[in-house]
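Content type compact mmCIF, C-alpha atoms, from the file input.txt:
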# COMPACT_ATOMS: atom_id res chain seq x y z
CA MET C 24 69.97 191.84 165.73
CA PRO C 25 70.58 189.49 168.68
CA LYS C 26 72.56 186.35 167.91
CA ARG C 27 70.65 183.07 168.16
CA ARG C 28 72.22 180.03 169.70
CA ILE C 29 71.90 176.87 167.67
CA ASN C 30 70.53 174.02 169.75
CA THR C 31 72.70 170.91 169.45
CA THR C 32 69.59 168.74 169.74
CA THR C 33 68.13 170.43 166.67
CA ILE C 34 71.31 169.76 164.74
CA ALA C 35 71.27 166.10 165.78
CA VAL C 36 67.62 165.69 164.74
CA CYS C 37 68.26 167.30 161.36
CA PHE C 38 71.31 165.10 160.81
CA MET C 39 69.47 161.91 161.70
CA SER C 40 66.54 162.91 159.47
CA ALA C 41 68.94 163.28 156.58
CA VAL C 42 70.89 160.06 157.05
CA TRP C 43 68.22 157.77 158.52
CA PRO C 44 66.89 156.53 155.14
CA GLY C 45 70.40 155.30 154.42
CA PHE C 46 70.44 153.29 157.64
CA ALA C 47 67.08 151.72 156.88
CA GLY C 48 68.06 150.03 153.64
CA ALA C 49 65.88 147.12 152.65
CA ASP C 50 68.85 144.78 152.33
CA GLN C 51 70.46 145.61 155.67
CA LEU C 52 69.72 143.83 158.91
CA ASN C 53 68.33 146.14 161.58
CA ALA C 54 69.00 144.86 165.09
CA ALA C 55 66.42 147.13 166.75
CA ASP C 56 63.66 146.08 164.36
CA THR C 57 64.59 142.44 164.84
CA ALA C 58 64.47 142.73 168.64
CA TRP C 59 61.07 144.40 168.53
CA ILE C 60 59.56 141.91 166.07
CA LEU C 61 60.78 139.04 168.25
CA THR C 62 59.06 140.68 171.23
CA ALA C 63 55.90 141.30 169.21
CA SER C 64 55.87 137.67 168.04
CA GLY C 65 55.89 136.50 171.64
CA LEU C 66 53.07 138.88 172.53
CA VAL C 67 50.86 137.79 169.64
CA LEU C 68 51.47 134.12 170.42
CA PHE C 69 50.68 134.84 174.08
CA MET C 70 47.30 136.20 172.97
CA THR C 71 46.41 132.76 171.62
CA VAL C 72 47.97 130.48 174.20
CA PRO C 73 47.14 130.93 176.95
CA GLY C 74 45.23 134.20 176.40
CA LEU C 75 42.48 133.24 173.97
CA ALA C 76 42.33 129.68 175.32
CA LEU C 77 41.64 130.88 178.86
CA PHE C 78 39.24 133.59 177.67
CA TYR C 79 37.07 131.18 175.70
CA GLY C 80 37.42 128.56 178.41
CA GLY C 81 35.84 131.00 180.84
CA LEU C 82 32.81 131.46 178.59
CA VAL C 83 31.74 127.81 178.39
CA ARG C 84 30.35 125.31 180.87
CA THR C 85 32.75 123.70 183.31
CA LYS C 86 32.69 120.34 181.54
CA ASN C 87 33.86 121.95 178.28
CA VAL C 88 36.73 124.11 179.59
CA LEU C 89 39.38 121.50 178.87
CA SER C 90 37.95 120.91 175.39
CA VAL C 91 38.26 124.60 174.47
CA LEU C 92 41.79 124.80 175.88
CA MET C 93 42.87 121.80 173.82
CA GLN C 94 41.24 123.18 170.69
CA CYS C 95 43.33 126.36 170.91
CA PHE C 96 46.54 124.44 171.64
CA ALA C 97 45.87 121.95 168.82
CA ILE C 98 45.16 124.72 166.32
CA THR C 99 48.46 126.34 167.30
CA SER C 100 50.34 123.13 166.51
CA LEU C 101 48.41 122.36 163.32
CA VAL C 102 48.78 125.81 161.79
CA SER C 103 52.49 125.87 162.64
CA VAL C 104 53.02 122.75 160.51
CA LEU C 105 50.85 124.05 157.66
CA TRP C 106 52.66 127.40 157.68
CA LEU C 107 56.04 125.66 157.47
CA LEU C 108 55.00 123.31 154.66
CA GLY C 109 53.38 125.82 152.32
CA GLY C 110 51.33 128.50 154.02
CA TYR C 111 54.19 131.00 154.31
CA SER C 112 55.24 130.54 150.71
CA LEU C 113 51.74 130.90 149.29
CA ALA C 114 50.96 133.91 151.49
CA LEU C 115 54.12 136.00 151.47
CA SER C 116 56.34 135.02 148.55
CA ASP C 117 56.34 136.36 145.00
CA GLY C 118 53.61 134.72 142.97
CA GLY C 119 54.89 135.76 139.55
CA GLY C 120 51.98 135.83 137.13
CA TRP C 121 49.62 134.99 140.00
CA GLN C 122 50.98 137.73 142.26
CA GLN C 123 47.67 139.56 142.53
CA LEU C 124 45.91 136.50 143.89
CA LEU C 125 48.46 134.15 145.49
CA GLY C 126 52.12 133.69 146.27
CA GLY C 127 54.45 131.17 144.70
CA PHE C 128 56.41 128.10 145.74
CA SER C 129 59.84 129.67 146.21
CA ALA C 130 59.67 129.31 150.00
CA PHE C 131 57.90 125.95 150.02
CA SER C 132 58.83 123.99 153.16
CA LEU C 133 61.27 126.83 153.92
CA LEU C 134 63.94 124.90 152.02
CA ASN C 135 65.68 128.03 150.68
CA MET C 136 65.61 129.88 154.01
CA ASN C 137 68.80 130.13 156.04
CA ALA C 138 70.40 132.29 158.70
CA ASP C 139 71.58 134.80 156.08
CA SER C 140 68.17 135.34 154.48
CA ILE C 141 66.97 138.91 155.06
CA ARG C 142 63.55 140.37 154.38
CA ASP C 143 62.42 143.89 155.23
CA ASN C 144 65.40 144.62 157.52
CA LEU C 145 64.72 141.36 159.38
CA PRO C 146 66.08 137.83 159.29
CA GLU C 147 63.56 135.95 157.17
CA THR C 148 63.21 133.37 159.93
CA VAL C 149 61.96 136.12 162.26
CA PHE C 150 59.69 137.53 159.53
CA CYS C 151 58.21 134.08 158.96
CA MET C 152 57.68 133.43 162.67
CA TYR C 153 56.05 136.83 163.22
CA HIS C 154 53.46 136.19 160.52
CA LEU C 155 52.98 132.65 161.82
CA THR C 156 51.65 134.04 165.09
CA PHE C 157 48.90 135.90 163.20
CA ALA C 158 48.16 132.81 161.12
CA ILE C 159 47.64 130.92 164.40
CA PHE C 160 45.53 133.60 166.04
CA ALA C 161 43.05 133.91 163.14
CA PRO C 162 41.59 130.36 163.18
CA ALA C 163 41.76 130.27 166.98
CA LEU C 164 39.31 133.18 167.00
CA ILE C 165 36.73 130.94 165.31
CA VAL C 166 36.70 128.57 168.30
CA GLY C 167 34.51 130.98 170.24
CA GLY C 168 31.81 130.81 167.55
CA VAL C 169 31.61 127.01 167.51
CA ALA C 170 32.30 126.27 171.18
CA GLU C 171 30.47 123.21 172.54
CA ARG C 172 28.95 122.47 169.13
CA MET C 173 31.69 120.91 166.99
CA LYS C 174 33.68 117.71 167.38
CA PHE C 175 37.40 118.05 168.00
CA SER C 176 38.39 116.26 164.78
CA ALA C 177 35.90 118.25 162.71
CA LEU C 178 37.26 121.50 164.11
CA LEU C 179 40.83 120.59 163.13
CA TRP C 180 39.76 119.73 159.59
CA PHE C 181 37.81 122.97 159.37
CA ALA C 182 40.75 125.02 160.74
CA ALA C 183 43.19 123.44 158.27
CA CYS C 184 40.95 124.02 155.25
CA TRP C 185 40.08 127.55 156.34
CA GLU C 186 43.74 128.40 156.91
CA LEU C 187 44.80 127.33 153.42
CA LEU C 188 41.72 128.39 151.45
CA ILE C 189 40.80 131.64 153.20
CA TYR C 190 43.54 133.03 155.43
CA VAL C 191 46.49 132.43 153.13
CA PRO C 192 44.95 134.19 150.08
CA VAL C 193 43.62 137.11 152.14
CA CYS C 194 47.01 137.49 153.82
CA HIS C 195 48.68 137.60 150.42
CA TRP C 196 46.20 140.15 149.08
CA LEU C 197 47.21 142.63 151.79
CA TRP C 198 50.57 141.72 153.27
CA GLY C 199 52.06 139.85 150.32
CA GLY C 200 51.58 142.54 147.70
CA GLY C 201 48.34 141.20 146.23
CA TRP C 202 45.53 143.08 144.55
CA LEU C 203 44.25 144.81 147.70
CA ALA C 204 47.74 146.09 148.54
CA GLN C 205 48.11 147.31 144.95
CA LEU C 206 44.87 149.28 145.39
CA GLY C 207 46.42 151.03 148.39
CA VAL C 208 44.60 149.16 151.16
CA MET C 209 46.68 149.04 154.36
CA ASP C 210 46.23 146.73 157.34
CA PHE C 211 48.65 147.51 160.14
CA ALA C 212 47.30 145.24 162.87
CA GLY C 213 45.32 142.47 161.17
CA GLY C 214 41.94 144.17 161.25
CA ILE C 215 41.09 142.79 157.81
CA VAL C 216 43.40 139.79 157.46
CA VAL C 217 42.72 138.37 160.93
CA HIS C 218 39.61 139.84 162.50
CA VAL C 219 37.31 140.35 159.52
CA SER C 220 38.11 137.00 157.94
CA GLY C 221 38.02 135.12 161.25
CA GLY C 222 34.90 136.94 162.45
CA VAL C 223 32.96 136.19 159.27
CA ALA C 224 34.02 132.53 159.45
CA ALA C 225 32.91 132.29 163.09
CA LEU C 226 29.56 133.89 162.29
CA VAL C 227 28.89 131.61 159.31
CA ALA C 228 29.95 128.52 161.28
CA ALA C 229 27.69 129.46 164.18
CA MET C 230 24.74 129.96 161.83
CA MET C 231 25.37 126.62 160.15
CA LEU C 232 25.67 124.71 163.45
CA GLY C 233 22.73 126.39 165.14
CA PRO C 234 22.28 127.15 168.87
CA ARG C 235 23.76 125.03 171.63
CA ARG C 236 21.70 122.24 173.10
CA GLY C 237 19.50 123.57 175.87
CA PHE C 238 19.84 127.21 174.80
CA PRO C 239 18.36 129.41 176.26
CA ARG C 240 17.04 127.20 179.08
CA VAL C 241 20.45 125.95 180.28
CA PRO C 242 22.99 128.61 181.42
Can you turn what I pasted into C-alpha cells?
Amino acid sequence: MPKRRINTTTIAVCFMSAVWPGFAGADQLNAADTAWILTASGLVLFMTVPGLALFYGGLVRTKNVLSVLMQCFAITSLVSVLWLLGGYSLALSDGGGWQQLLGGFSAFSLLNMNADSIRDNLPETVFCMYHLTFAIFAPALIVGGVAERMKFSALLWFAACWELLIYVPVCHWLWGGGWLAQLGVMDFAGGIVVHVSGGVAALVAAMMLGPRRGFPRVP
C-alpha cells in the first residue's frame, strides 16, 4: 500500500481541538475575546449615537430633528447612570432565591468591581460596558414610536421606568440565567431582549398616544 503523508496542518488542528478547552477556562482572561468585545461595544454604541439618532431624525419634520437627536443622547446618558447604580446588578448578577426572576444586589453601584474582576473570560468592567450598550439601545428604539408626540421630560421618565421594570428583568431571564435561559431559550443578538421588548413598548406607546397632529394631511 502507498504511504500517506501526514499533513502538518491536520496535526495542528487536531492538537488545538484537544487543548483549546483548556485555554478557554472560565476563570482565565482571554485577550482576544476582550479585544473583540471592546470593539463590539463601540459598534453597538455607535448604532445608538449617532446611528439611531440620525436615522430617526431623518424621519421627522425639520423642526423636530434636534428634539429627536437630543432624546437619543439623553437616553444614552440616563440609562448609563441607571445601569451603574443598579441595572447591571439586577440584570446580570446572581439573584439567589430570586434567580429565576431577577438578579441580586451583589454588584449594586459596581462597588465590588475592580480591575481584577473576571467574568466569562473578560474583565467584568468590559462585560458590564458591553451589556450597557444594549441597555441603551433598547429604550432608544422606542423613540421612533413616540416621535413628535411626547414631551422630553415625559420620555425620560418613561425610558427610566421601562428600563428598570421591563428591560432589566427580561435581560436577566435570558442573559442572566433566569427562567427563560433555564428552559433553553437562547438570544445571541438581542432579538428577544432588545427588539421584541422595545418593539412591543413602542407599539403600545404609539397606540396610547394616538396619531400625530395633522396626520395624514400634513407630510
For Leu68 in chain C, the nearest of the candidates C:Ser176, C:Ser132, C:Thr156, C:Gln94, counting all atoms listed in the file:
C:Thr156
Hey, which bits of range 100-205 of chain C sit within 12 Å of range 59-63 of chain C, and for each residue what's the closest pair of atoms and how far apart in Å (one decimal), counting all atoms listed in the file, rows by chain and increasing number, as a tab-separated table?
residue	atom	partner	partner_atom	distance
C:Asp143	CA	C:Ile60	CA	11.4
C:Asn144	CA	C:Ile60	CA	10.7
C:Leu145	CA	C:Ile60	CA	8.5
C:Pro146	CA	C:Ile60	CA	10.3
C:Glu147	CA	C:Ile60	CA	11.4
C:Thr148	CA	C:Leu61	CA	10.4
C:Val149	CA	C:Leu61	CA	6.8
C:Phe150	CA	C:Ile60	CA	7.9
C:Cys151	CA	C:Ile60	CA	10.7
C:Met152	CA	C:Leu61	CA	8.5
C:Tyr153	CA	C:Ile60	CA	6.8
C:His154	CA	C:Ile60	CA	10.0
C:Leu155	CA	C:Ala63	CA	11.7
C:Thr156	CA	C:Ala63	CA	9.4
C:Phe157	CA	C:Ala63	CA	10.7
Those same residues - C-alpha atoms - I'd like them written as a tab-separated table (two decimals), in the frame of the given file.
chain	number	residue	atom	x	y	z
C	143	ASP	CA	62.42	143.89	155.23
C	144	ASN	CA	65.40	144.62	157.52
C	145	LEU	CA	64.72	141.36	159.38
C	146	PRO	CA	66.08	137.83	159.29
C	147	GLU	CA	63.56	135.95	157.17
C	148	THR	CA	63.21	133.37	159.93
C	149	VAL	CA	61.96	136.12	162.26
C	150	PHE	CA	59.69	137.53	159.53
C	151	CYS	CA	58.21	134.08	158.96
C	152	MET	CA	57.68	133.43	162.67
C	153	TYR	CA	56.05	136.83	163.22
C	154	HIS	CA	53.46	136.19	160.52
C	155	LEU	CA	52.98	132.65	161.82
C	156	THR	CA	51.65	134.04	165.09
C	157	PHE	CA	48.90	135.90	163.20
Which of these, C:Leu92, C:Gly214, C:Val219, C:Arg142, has the shortest distance to Asp56 in chain C once you count only C-alpha atoms?
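The shortest atom-to-atom distance to Asp56 in chain C comes from C:Arg142.
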Which distance in Å separates CA of Met136 in chain C and CA of Ala55 in chain C, to one decimal?
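A separation of 21.5 Å between them.
Between CA of Phe69 in chain C and CA of Ala228 in chain C there is a distance of 25.2 Å.
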Test item: residues at most 7 Å from range 158-166 of chain C, only C-alpha atoms, excluding those fewer than 2 positions along its chain, as a PyMOL selection string
chain C and resi 71+95+98-99+102+154-156+168-170+182+186+217-218+221-222+224-225
List the neighbours of Leu108 in chain C out to 10 Å using all atoms listed in the file; skip same-chain residues closer than 3 positions along the sequence, and give me the result as a list in words.
Val102, Ser103, Val104, Leu105, Tyr111, Ser112, Leu113, Ala130, Phe131, Ser132, Leu133 and Leu134 of chain C
Deliver the residues from the most recent selection as a file, using C-alpha atoms, as a short mmCIF file (atom, residue, chain, number, x, y, z; two decimals), keeping the file's coordinate frame.
data_model
loop_
_atom_site.label_atom_id
_atom_site.label_comp_id
_atom_site.auth_asym_id
_atom_site.auth_seq_id
_atom_site.Cartn_x
_atom_site.Cartn_y
_atom_site.Cartn_z
CA VAL C 102 48.78 125.81 161.79
CA SER C 103 52.49 125.87 162.64
CA VAL C 104 53.02 122.75 160.51
CA LEU C 105 50.85 124.05 157.66
CA TYR C 111 54.19 131.00 154.31
CA SER C 112 55.24 130.54 150.71
CA LEU C 113 51.74 130.90 149.29
CA ALA C 130 59.67 129.31 150.00
CA PHE C 131 57.90 125.95 150.02
CA SER C 132 58.83 123.99 153.16
CA LEU C 133 61.27 126.83 153.92
CA LEU C 134 63.94 124.90 152.02
#
Interatomic distance (Å, one decimal) between CA of Leu115 in chain C and CA of Gly127 in chain C:
8.3 Å
May I have the protein, DNA and RNA residues with any atom at most 10 Å from the point (34.4, 127.8, 176.5), counting only C-alpha atoms, written as a list in words?
Ala76, Leu77, Phe78, Tyr79, Gly80, Gly81, Leu82, Val83, Arg84, Thr85, Lys86, Asn87, Val88, Leu89, Ser90, Val91, Leu92, Val166, Gly167, Gly168, Val169, Ala170 and Glu171 of chain C
Among listed residues C:Ala183, C:Met173, C:Leu178, C:Leu197, nearest Arg235 in chain C (using only C-alpha atoms):
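That would be C:Met173, the residue with the smallest distance to Arg235 in chain C.
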Might you pull out every residue within 6 Å of range 201-207 of chain C, with all atoms listed in the file counted and same-chain residues fewer than 5 positions away left off, and present them as an mmCIF file with C-alpha atoms, in the coordinates of the input?
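Resulting contents of result-v9.cif:
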data_model
loop_
_atom_site.group_PDB
_atom_site.id
_atom_site.type_symbol
_atom_site.label_atom_id
_atom_site.label_comp_id
_atom_site.auth_asym_id
_atom_site.auth_seq_id
_atom_site.Cartn_x
_atom_site.Cartn_y
_atom_site.Cartn_z
ATOM 1 C CA GLN C 122 50.980 137.730 142.260
ATOM 2 C CA GLN C 123 47.670 139.560 142.530
ATOM 3 C CA LEU C 124 45.910 136.500 143.890
ATOM 4 C CA HIS C 195 48.680 137.600 150.420
ATOM 5 C CA TRP C 196 46.200 140.150 149.080
#
For each of C:Ala54, C:Leu107, C:Phe96, C:Phe175, take the minimum atom-to-atom distance to Met70 in chain C, counting all atoms listed in the file, then give the residue where this is smallest.
C:Phe96
So which one's closest to Gly126 in chain C, C:Trp198, C:Trp180, C:Trp185, C:Phe238? Using only C-alpha atoms, please.
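Closest candidate: C:Trp198.
Residue nearest Ala97 in chain C, chosen from C:Asn135, C:Ser116, C:Leu179, C:Thr57 and counting all atoms listed in the file: C:Leu179.
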Size and centre in Å, one decimal, axis-aligned box, all listed range 199-213 of chain C atoms plus 6 Å per side, as JSON:
{"center_x": 48.2, "center_y": 145.4, "center_z": 153.7, "size_x": 19.8, "size_y": 23.2, "size_z": 30.3}
